[in-house]
file protein28.txt (compact mmCIF, N, CA and C atoms)
# COMPACT_ATOMS: atom_id res chain seq x y z
N HIS A 1339 5.05 -22.28 5.59
CA HIS A 1339 5.79 -22.88 6.67
C HIS A 1339 7.09 -23.50 6.16
N PHE A 1340 7.05 -23.97 4.93
CA PHE A 1340 8.24 -24.58 4.34
C PHE A 1340 9.36 -23.54 4.23
N ASP A 1341 9.00 -22.31 3.80
CA ASP A 1341 10.00 -21.25 3.66
C ASP A 1341 10.61 -20.90 5.01
N ALA A 1342 9.80 -20.86 6.05
CA ALA A 1342 10.32 -20.55 7.39
C ALA A 1342 11.27 -21.65 7.85
N TRP A 1343 10.94 -22.89 7.54
CA TRP A 1343 11.81 -23.99 7.91
C TRP A 1343 13.15 -23.89 7.18
N ILE A 1344 13.10 -23.59 5.89
CA ILE A 1344 14.34 -23.42 5.11
C ILE A 1344 15.15 -22.25 5.66
N ASP A 1345 14.49 -21.17 6.05
CA ASP A 1345 15.20 -20.03 6.63
C ASP A 1345 15.93 -20.43 7.91
N SER A 1346 15.26 -21.22 8.76
CA SER A 1346 15.90 -21.63 10.01
C SER A 1346 17.09 -22.57 9.75
N VAL A 1347 16.96 -23.46 8.76
CA VAL A 1347 18.08 -24.34 8.39
C VAL A 1347 19.24 -23.50 7.87
N SER A 1348 18.92 -22.49 7.06
CA SER A 1348 19.96 -21.62 6.51
C SER A 1348 20.68 -20.86 7.62
N GLU A 1349 19.93 -20.35 8.60
CA GLU A 1349 20.55 -19.63 9.72
C GLU A 1349 21.46 -20.56 10.52
N ARG A 1350 21.03 -21.80 10.72
CA ARG A 1350 21.84 -22.76 11.46
C ARG A 1350 23.16 -23.02 10.73
N HIS A 1351 23.09 -23.20 9.41
CA HIS A 1351 24.31 -23.44 8.63
C HIS A 1351 25.22 -22.22 8.66
N MET A 1352 24.63 -21.03 8.56
CA MET A 1352 25.44 -19.81 8.56
C MET A 1352 26.11 -19.59 9.91
N SER A 1353 25.42 -19.97 11.01
CA SER A 1353 26.03 -19.81 12.34
C SER A 1353 27.23 -20.75 12.51
N GLN A 1354 27.24 -21.86 11.77
CA GLN A 1354 28.36 -22.80 11.82
C GLN A 1354 29.42 -22.46 10.78
N GLY A 1355 29.21 -21.38 10.02
CA GLY A 1355 30.18 -20.95 9.03
C GLY A 1355 30.07 -21.68 7.71
N GLU A 1356 28.99 -22.41 7.50
CA GLU A 1356 28.80 -23.15 6.26
C GLU A 1356 27.87 -22.36 5.33
N GLU A 1357 28.02 -22.62 4.04
CA GLU A 1357 27.12 -22.00 3.07
C GLU A 1357 25.94 -22.92 2.83
N TYR A 1358 24.75 -22.33 2.71
CA TYR A 1358 23.56 -23.12 2.45
C TYR A 1358 22.69 -22.33 1.46
N PRO A 1359 22.49 -22.88 0.27
CA PRO A 1359 21.70 -22.14 -0.74
C PRO A 1359 20.19 -22.21 -0.45
N GLY A 1360 19.75 -21.44 0.53
CA GLY A 1360 18.35 -21.48 0.94
C GLY A 1360 17.39 -21.08 -0.15
N HIS A 1361 17.75 -20.09 -0.95
CA HIS A 1361 16.84 -19.63 -2.00
C HIS A 1361 16.61 -20.71 -3.05
N PHE A 1362 17.64 -21.54 -3.32
CA PHE A 1362 17.44 -22.65 -4.26
C PHE A 1362 16.57 -23.75 -3.65
N GLU A 1363 16.76 -23.99 -2.37
CA GLU A 1363 15.97 -25.02 -1.69
C GLU A 1363 14.49 -24.63 -1.65
N LYS A 1364 14.23 -23.34 -1.48
CA LYS A 1364 12.84 -22.87 -1.47
C LYS A 1364 12.17 -23.11 -2.82
N ARG A 1365 12.92 -22.98 -3.88
CA ARG A 1365 12.34 -23.16 -5.22
C ARG A 1365 12.11 -24.63 -5.55
N LYS A 1366 12.80 -25.53 -4.86
CA LYS A 1366 12.64 -26.96 -5.12
C LYS A 1366 11.26 -27.47 -4.69
N LYS A 1367 10.60 -26.75 -3.80
CA LYS A 1367 9.28 -27.20 -3.36
C LYS A 1367 8.30 -27.28 -4.52
N PHE A 1368 8.52 -26.46 -5.55
CA PHE A 1368 7.63 -26.47 -6.70
C PHE A 1368 7.82 -27.75 -7.54
N ASP A 1369 9.01 -28.32 -7.50
CA ASP A 1369 9.24 -29.58 -8.23
C ASP A 1369 8.34 -30.67 -7.68
N LYS A 1370 8.21 -30.73 -6.37
CA LYS A 1370 7.38 -31.76 -5.75
C LYS A 1370 5.90 -31.49 -5.99
N LEU A 1371 5.51 -30.22 -5.99
CA LEU A 1371 4.09 -29.87 -6.14
C LEU A 1371 3.57 -30.13 -7.55
N THR A 1372 4.40 -29.97 -8.55
CA THR A 1372 3.92 -30.12 -9.93
C THR A 1372 3.45 -31.54 -10.22
N GLY A 1373 3.96 -32.51 -9.53
CA GLY A 1373 3.53 -33.88 -9.73
C GLY A 1373 2.14 -34.16 -9.19
N GLU A 1374 1.61 -33.27 -8.36
CA GLU A 1374 0.30 -33.45 -7.75
C GLU A 1374 -0.85 -33.03 -8.67
N PHE A 1375 -0.57 -32.27 -9.71
CA PHE A 1375 -1.61 -31.77 -10.60
C PHE A 1375 -1.78 -32.67 -11.81
N PRO A 1376 -3.01 -32.77 -12.35
CA PRO A 1376 -3.22 -33.58 -13.55
C PRO A 1376 -2.46 -33.00 -14.75
N LYS A 1377 -2.05 -33.85 -15.64
CA LYS A 1377 -1.26 -33.41 -16.80
C LYS A 1377 -2.13 -32.96 -17.97
N GLU A 1378 -3.40 -33.32 -17.99
CA GLU A 1378 -4.27 -33.04 -19.14
C GLU A 1378 -5.00 -31.71 -19.03
N LEU A 1379 -4.55 -30.80 -18.21
CA LEU A 1379 -5.24 -29.52 -18.04
C LEU A 1379 -5.03 -28.62 -19.25
N LYS A 1380 -6.01 -27.75 -19.51
CA LYS A 1380 -5.89 -26.80 -20.63
C LYS A 1380 -4.73 -25.83 -20.37
N THR A 1381 -4.64 -25.33 -19.15
CA THR A 1381 -3.51 -24.51 -18.75
C THR A 1381 -2.63 -25.37 -17.86
N PRO A 1382 -1.49 -25.80 -18.37
CA PRO A 1382 -0.66 -26.70 -17.58
C PRO A 1382 -0.09 -26.00 -16.34
N ILE A 1383 -0.11 -26.70 -15.25
CA ILE A 1383 0.44 -26.16 -14.01
C ILE A 1383 1.82 -26.75 -13.83
N ASP A 1384 2.81 -25.93 -14.15
CA ASP A 1384 4.18 -26.37 -14.03
C ASP A 1384 4.92 -25.50 -13.01
N LYS A 1385 6.20 -25.73 -12.86
CA LYS A 1385 7.00 -25.04 -11.87
C LYS A 1385 6.99 -23.52 -12.09
N SER A 1386 7.18 -23.08 -13.32
CA SER A 1386 7.24 -21.63 -13.59
C SER A 1386 5.89 -20.97 -13.33
N TYR A 1387 4.80 -21.68 -13.63
CA TYR A 1387 3.46 -21.12 -13.38
C TYR A 1387 3.24 -20.94 -11.88
N LEU A 1388 3.62 -21.93 -11.09
CA LEU A 1388 3.45 -21.82 -9.64
C LEU A 1388 4.33 -20.70 -9.06
N GLN A 1389 5.53 -20.55 -9.59
CA GLN A 1389 6.41 -19.47 -9.12
C GLN A 1389 5.81 -18.11 -9.45
N LYS A 1390 5.22 -18.01 -10.64
CA LYS A 1390 4.60 -16.75 -11.05
C LYS A 1390 3.42 -16.40 -10.13
N ILE A 1391 2.59 -17.38 -9.82
CA ILE A 1391 1.45 -17.16 -8.94
C ILE A 1391 1.90 -16.70 -7.56
N LEU A 1392 2.93 -17.36 -7.03
CA LEU A 1392 3.45 -16.99 -5.73
C LEU A 1392 4.05 -15.59 -5.74
N ARG A 1393 4.77 -15.26 -6.81
CA ARG A 1393 5.37 -13.93 -6.92
C ARG A 1393 4.29 -12.86 -6.94
N ARG A 1394 3.22 -13.09 -7.70
CA ARG A 1394 2.10 -12.13 -7.74
C ARG A 1394 1.46 -11.96 -6.38
N ALA A 1395 1.26 -13.07 -5.68
CA ALA A 1395 0.64 -13.00 -4.36
C ALA A 1395 1.51 -12.20 -3.39
N ARG A 1396 2.82 -12.42 -3.45
CA ARG A 1396 3.73 -11.66 -2.57
C ARG A 1396 3.72 -10.18 -2.93
N GLN A 1397 3.75 -9.86 -4.22
CA GLN A 1397 3.74 -8.46 -4.64
C GLN A 1397 2.44 -7.78 -4.21
N ASN A 1398 1.31 -8.46 -4.38
CA ASN A 1398 0.03 -7.88 -3.98
C ASN A 1398 -0.03 -7.65 -2.48
N LYS A 1399 0.47 -8.61 -1.70
CA LYS A 1399 0.48 -8.46 -0.25
C LYS A 1399 1.37 -7.28 0.15
N HIS A 1400 2.54 -7.18 -0.48
CA HIS A 1400 3.44 -6.07 -0.18
C HIS A 1400 2.77 -4.74 -0.50
N LYS A 1401 2.08 -4.68 -1.63
CA LYS A 1401 1.41 -3.44 -2.03
C LYS A 1401 0.29 -3.08 -1.05
N ARG A 1402 -0.50 -4.08 -0.63
CA ARG A 1402 -1.57 -3.82 0.35
C ARG A 1402 -0.99 -3.35 1.67
N ASP A 1403 0.08 -3.97 2.13
CA ASP A 1403 0.71 -3.57 3.39
C ASP A 1403 1.26 -2.16 3.30
N LYS A 1404 1.88 -1.84 2.19
CA LYS A 1404 2.46 -0.51 2.00
C LYS A 1404 1.36 0.55 1.97
N THR A 1405 0.25 0.26 1.29
CA THR A 1405 -0.86 1.21 1.23
C THR A 1405 -1.48 1.39 2.60
N ALA A 1406 -1.66 0.31 3.34
CA ALA A 1406 -2.23 0.40 4.69
C ALA A 1406 -1.32 1.22 5.60
N GLN A 1407 -0.02 1.05 5.47
CA GLN A 1407 0.92 1.81 6.29
C GLN A 1407 0.87 3.29 5.92
N ARG A 1408 0.78 3.59 4.63
CA ARG A 1408 0.71 4.99 4.20
C ARG A 1408 -0.58 5.65 4.71
N LEU A 1409 -1.71 4.93 4.61
CA LEU A 1409 -2.98 5.48 5.09
C LEU A 1409 -2.96 5.70 6.60
N LYS A 1410 -2.34 4.78 7.33
CA LYS A 1410 -2.24 4.94 8.78
C LYS A 1410 -1.39 6.16 9.12
N GLN A 1411 -0.30 6.34 8.39
CA GLN A 1411 0.58 7.48 8.63
C GLN A 1411 -0.14 8.80 8.32
N GLU A 1412 -0.90 8.83 7.23
CA GLU A 1412 -1.66 10.04 6.88
C GLU A 1412 -2.70 10.35 7.94
N GLU A 1413 -3.36 9.32 8.47
CA GLU A 1413 -4.37 9.52 9.52
C GLU A 1413 -3.73 10.08 10.79
N GLU A 1414 -2.55 9.56 11.14
CA GLU A 1414 -1.83 10.07 12.31
C GLU A 1414 -1.45 11.53 12.12
N GLU A 1415 -1.00 11.89 10.91
CA GLU A 1415 -0.63 13.28 10.64
C GLU A 1415 -1.85 14.19 10.73
N GLN A 1416 -3.00 13.72 10.24
CA GLN A 1416 -4.22 14.52 10.33
C GLN A 1416 -4.65 14.69 11.79
N GLN A 1417 -4.51 13.66 12.60
CA GLN A 1417 -4.87 13.77 14.01
C GLN A 1417 -3.95 14.75 14.72
N LYS A 1418 -2.66 14.73 14.38
CA LYS A 1418 -1.73 15.68 14.97
C LYS A 1418 -2.09 17.11 14.58
N ALA A 1419 -2.46 17.30 13.30
CA ALA A 1419 -2.83 18.63 12.83
C ALA A 1419 -4.09 19.12 13.55
N ARG A 1420 -5.06 18.22 13.74
CA ARG A 1420 -6.28 18.60 14.47
C ARG A 1420 -5.96 18.97 15.91
N ALA A 1421 -5.06 18.22 16.54
CA ALA A 1421 -4.68 18.51 17.93
C ALA A 1421 -3.99 19.86 18.02
N ILE A 1422 -3.16 20.17 17.05
CA ILE A 1422 -2.47 21.46 17.05
C ILE A 1422 -3.46 22.60 16.86
N LYS A 1423 -4.45 22.40 15.98
CA LYS A 1423 -5.47 23.44 15.77
C LYS A 1423 -6.27 23.69 17.04
N LYS A 1424 -6.58 22.62 17.78
CA LYS A 1424 -7.35 22.77 19.02
C LYS A 1424 -6.53 23.50 20.08
N GLU A 1425 -5.23 23.24 20.12
CA GLU A 1425 -4.36 23.87 21.11
C GLU A 1425 -4.02 25.31 20.76
N ALA A 1426 -4.06 25.67 19.51
CA ALA A 1426 -3.68 27.02 19.08
C ALA A 1426 -4.71 28.01 19.59
N PRO A 1427 -4.26 29.11 20.22
CA PRO A 1427 -5.21 30.11 20.72
C PRO A 1427 -5.81 30.92 19.57
N ASP A 1428 -7.08 31.27 19.71
CA ASP A 1428 -7.75 32.07 18.70
C ASP A 1428 -7.37 33.55 18.82
N LYS A 1429 -7.06 33.99 20.03
CA LYS A 1429 -6.69 35.38 20.26
C LYS A 1429 -5.18 35.53 20.12
N PRO A 1430 -4.72 36.72 19.72
CA PRO A 1430 -3.28 36.92 19.62
C PRO A 1430 -2.63 36.85 21.00
N THR A 1431 -1.41 36.38 21.05
CA THR A 1431 -0.70 36.27 22.33
C THR A 1431 -0.28 37.66 22.79
N SER A 1432 0.07 37.77 24.05
CA SER A 1432 0.41 39.07 24.63
C SER A 1432 1.65 39.65 23.96
N SER A 1433 2.57 38.84 23.52
CA SER A 1433 3.79 39.36 22.90
C SER A 1433 3.49 40.02 21.56
N THR A 1434 2.59 39.46 20.77
CA THR A 1434 2.26 40.08 19.49
C THR A 1434 1.35 41.27 19.70
N ALA A 1435 0.50 41.25 20.70
CA ALA A 1435 -0.39 42.38 20.96
C ALA A 1435 0.39 43.56 21.49
N SER A 1436 1.41 43.33 22.32
CA SER A 1436 2.19 44.43 22.89
C SER A 1436 3.09 45.05 21.85
N ALA A 1437 3.50 44.31 20.87
CA ALA A 1437 4.37 44.86 19.85
C ALA A 1437 3.61 45.81 18.94
N GLY A 1438 2.30 45.69 18.89
CA GLY A 1438 1.50 46.58 18.08
C GLY A 1438 1.51 46.25 16.60
N LYS A 1439 2.16 45.19 16.25
CA LYS A 1439 2.23 44.80 14.84
C LYS A 1439 1.12 43.80 14.55
N THR A 1440 0.51 44.00 13.45
CA THR A 1440 -0.51 43.02 13.04
C THR A 1440 0.06 42.22 11.89
N GLN A 1441 -0.16 40.96 11.94
CA GLN A 1441 0.35 40.10 10.89
C GLN A 1441 -0.68 40.06 9.77
N PRO A 1442 -0.22 40.17 8.53
CA PRO A 1442 -1.18 40.10 7.42
C PRO A 1442 -1.80 38.71 7.36
N GLU A 1443 -3.11 38.70 7.17
CA GLU A 1443 -3.80 37.42 7.10
C GLU A 1443 -3.61 36.84 5.70
N SER A 1444 -3.24 35.60 5.66
CA SER A 1444 -3.05 34.95 4.37
C SER A 1444 -4.40 34.47 3.86
N SER A 1445 -4.50 34.44 2.56
CA SER A 1445 -5.75 33.98 1.96
C SER A 1445 -5.91 32.49 2.23
N PRO A 1446 -7.14 32.03 2.35
CA PRO A 1446 -7.33 30.59 2.63
C PRO A 1446 -6.80 29.76 1.47
N LYS A 1447 -6.22 28.63 1.82
CA LYS A 1447 -5.65 27.76 0.80
C LYS A 1447 -6.68 26.74 0.38
N ARG A 1448 -6.67 26.40 -0.86
CA ARG A 1448 -7.58 25.40 -1.40
C ARG A 1448 -6.83 24.08 -1.50
N VAL A 1449 -7.40 23.05 -0.92
CA VAL A 1449 -6.80 21.73 -0.96
C VAL A 1449 -7.62 20.86 -1.89
N VAL A 1450 -6.95 20.30 -2.87
CA VAL A 1450 -7.61 19.42 -3.83
C VAL A 1450 -7.04 18.02 -3.62
N LYS A 1451 -7.91 17.09 -3.27
CA LYS A 1451 -7.47 15.71 -3.06
C LYS A 1451 -7.82 14.89 -4.28
N LEU A 1452 -6.81 14.33 -4.89
CA LEU A 1452 -7.00 13.47 -6.05
C LEU A 1452 -6.58 12.05 -5.68
N PRO A 1453 -7.33 11.07 -6.12
CA PRO A 1453 -6.91 9.69 -5.83
C PRO A 1453 -5.65 9.36 -6.61
N GLU A 1454 -4.75 8.62 -5.96
CA GLU A 1454 -3.50 8.24 -6.62
C GLU A 1454 -3.77 7.19 -7.69
N SER A 1455 -4.54 6.20 -7.33
CA SER A 1455 -4.90 5.17 -8.29
C SER A 1455 -6.10 4.44 -7.73
N GLY A 1456 -6.76 3.70 -8.60
CA GLY A 1456 -7.89 2.92 -8.13
C GLY A 1456 -9.18 3.38 -8.75
N ALA A 1457 -10.26 2.80 -8.28
CA ALA A 1457 -11.56 3.11 -8.85
C ALA A 1457 -12.55 3.55 -7.80
N SER A 1458 -12.13 3.79 -6.57
CA SER A 1458 -13.05 4.25 -5.54
C SER A 1458 -12.85 5.75 -5.32
N PHE A 1459 -13.91 6.51 -5.46
CA PHE A 1459 -13.85 7.96 -5.36
C PHE A 1459 -14.91 8.44 -4.38
N GLU A 1460 -14.71 9.65 -3.89
CA GLU A 1460 -15.70 10.25 -3.00
C GLU A 1460 -17.00 10.49 -3.76
N GLU A 1461 -18.10 10.38 -3.05
CA GLU A 1461 -19.38 10.67 -3.68
C GLU A 1461 -19.65 12.17 -3.53
N ARG A 1462 -20.06 12.79 -4.58
CA ARG A 1462 -20.37 14.21 -4.57
C ARG A 1462 -21.79 14.41 -5.06
N ALA A 1463 -22.44 15.41 -4.49
CA ALA A 1463 -23.80 15.74 -4.94
C ALA A 1463 -23.69 16.41 -6.31
N TRP A 1464 -24.48 15.98 -7.24
CA TRP A 1464 -24.43 16.50 -8.59
C TRP A 1464 -25.71 17.25 -8.88
N GLN A 1465 -25.57 18.46 -9.44
CA GLN A 1465 -26.72 19.27 -9.77
C GLN A 1465 -26.64 19.67 -11.23
N LEU A 1466 -27.79 19.71 -11.87
CA LEU A 1466 -27.85 19.99 -13.30
C LEU A 1466 -27.73 21.48 -13.61
N GLU A 1467 -28.17 22.34 -12.72
CA GLU A 1467 -28.25 23.78 -13.01
C GLU A 1467 -26.95 24.42 -13.52
N PRO A 1468 -25.80 24.16 -12.95
CA PRO A 1468 -24.58 24.82 -13.46
C PRO A 1468 -24.25 24.44 -14.90
N PHE A 1469 -24.79 23.34 -15.40
CA PHE A 1469 -24.45 22.89 -16.73
C PHE A 1469 -25.45 23.36 -17.78
N LEU A 1470 -26.54 23.91 -17.35
CA LEU A 1470 -27.55 24.37 -18.30
C LEU A 1470 -27.10 25.70 -18.92
N ALA A 1471 -27.37 25.88 -20.19
CA ALA A 1471 -27.00 27.12 -20.86
C ALA A 1471 -28.00 28.20 -20.46
N ARG A 1472 -27.49 29.37 -20.13
CA ARG A 1472 -28.34 30.49 -19.76
C ARG A 1472 -28.63 31.34 -21.01
N GLU A 1473 -29.85 31.75 -21.11
CA GLU A 1473 -30.21 32.59 -22.24
C GLU A 1473 -29.88 34.05 -21.91
N THR A 1474 -29.19 34.71 -22.83
CA THR A 1474 -28.86 36.12 -22.64
C THR A 1474 -29.86 36.96 -23.43
N GLU A 1475 -30.22 38.07 -22.87
CA GLU A 1475 -31.21 38.95 -23.54
C GLU A 1475 -30.55 40.06 -24.25
call {"tool": "encode", "arguments": {"input": "protein28.txt", "output": "structure tokens"}}
result
Amino acid sequence: HFDAWIDSVSERHMSQGEEYPGHFEKRKKFDKLTGEFPKELKTPIDKSYLQKILRRARQNKHKRDKTAQRLKQEEEEQQKARAIKKEAPDKPTSSTASAGKTQPESSPKRVVKLPESGASFEERAWQLEPFLARETE
């Protein structure tokens, strides 16, 4: 809430043609907060430490938002593709049938989905038989 307040003060100053160093004012909040923590901690909580924690939190939030947006966009594209498949006729249209030309059928494409990053993967059924050595006679 403090950052939003500083932003509004900065906008007010800018509308009046004055300069207001809002980004410096936002950083001053850490000066006041550092006095609230005990000084005898094993890991001292100082201004730079608090700034680092806040920066990490913002970066993580940005990354989560970006990933959620990408996943939503991919889902929308898949839904559009499914809708197009449902609308596409299975029989050839009259224009292609009257021309007498047959279009060569393309071989089915193989789609391999690999995770970009992370540790969550699809579960697959695992069978031992393909890995066993076969005896040749």
call {"tool": "residues_around", "arguments": {"input": "protein28.txt", "residues": "A:Lys1390", "least_positions_apart": "6", "cutoff": "12 Å", "atoms": "only C-alpha atoms", "output": "tab-separated table (two decimals) with N, CA and C atoms, in the frame of the given file"}}
result
chain	number	residue	atom	x	y	z
A	1365	ARG	N	12.92	-22.98	-3.88
A	1365	ARG	CA	12.34	-23.16	-5.22
A	1365	ARG	C	12.11	-24.63	-5.55
A	1368	PHE	N	8.52	-26.46	-5.55
A	1368	PHE	CA	7.63	-26.47	-6.70
A	1368	PHE	C	7.82	-27.75	-7.54
A	1383	ILE	N	-0.11	-26.70	-15.25
A	1383	ILE	CA	0.44	-26.16	-14.01
A	1383	ILE	C	1.82	-26.75	-13.83
A	1384	ASP	N	2.81	-25.93	-14.15
A	1384	ASP	CA	4.18	-26.37	-14.03
A	1384	ASP	C	4.92	-25.50	-13.01
A	1396	ARG	N	2.82	-12.42	-3.45
A	1396	ARG	CA	3.73	-11.66	-2.57
A	1396	ARG	C	3.72	-10.18	-2.93
A	1397	GLN	N	3.75	-9.86	-4.22
A	1397	GLN	CA	3.74	-8.46	-4.64
A	1397	GLN	C	2.44	-7.78	-4.21
call {"tool": "atom_distance", "arguments": {"input": "protein28.txt", "atom1": "atom CA of A:Thr1405", "atom2": "atom CA of A:Ile1391"}}
result
21.1 Å
call {"tool": "atom_distance", "arguments": {"input": "protein28.txt", "atom1": "atom CA of A:Gly1360", "atom2": "atom CA of A:Ile1344"}}
result
6.1 Å
call {"tool": "atom_distance", "arguments": {"input": "protein28.txt", "atom1": "atom C of A:Lys1364", "atom2": "atom N of A:Leu1392"}}
result
11.7 Å
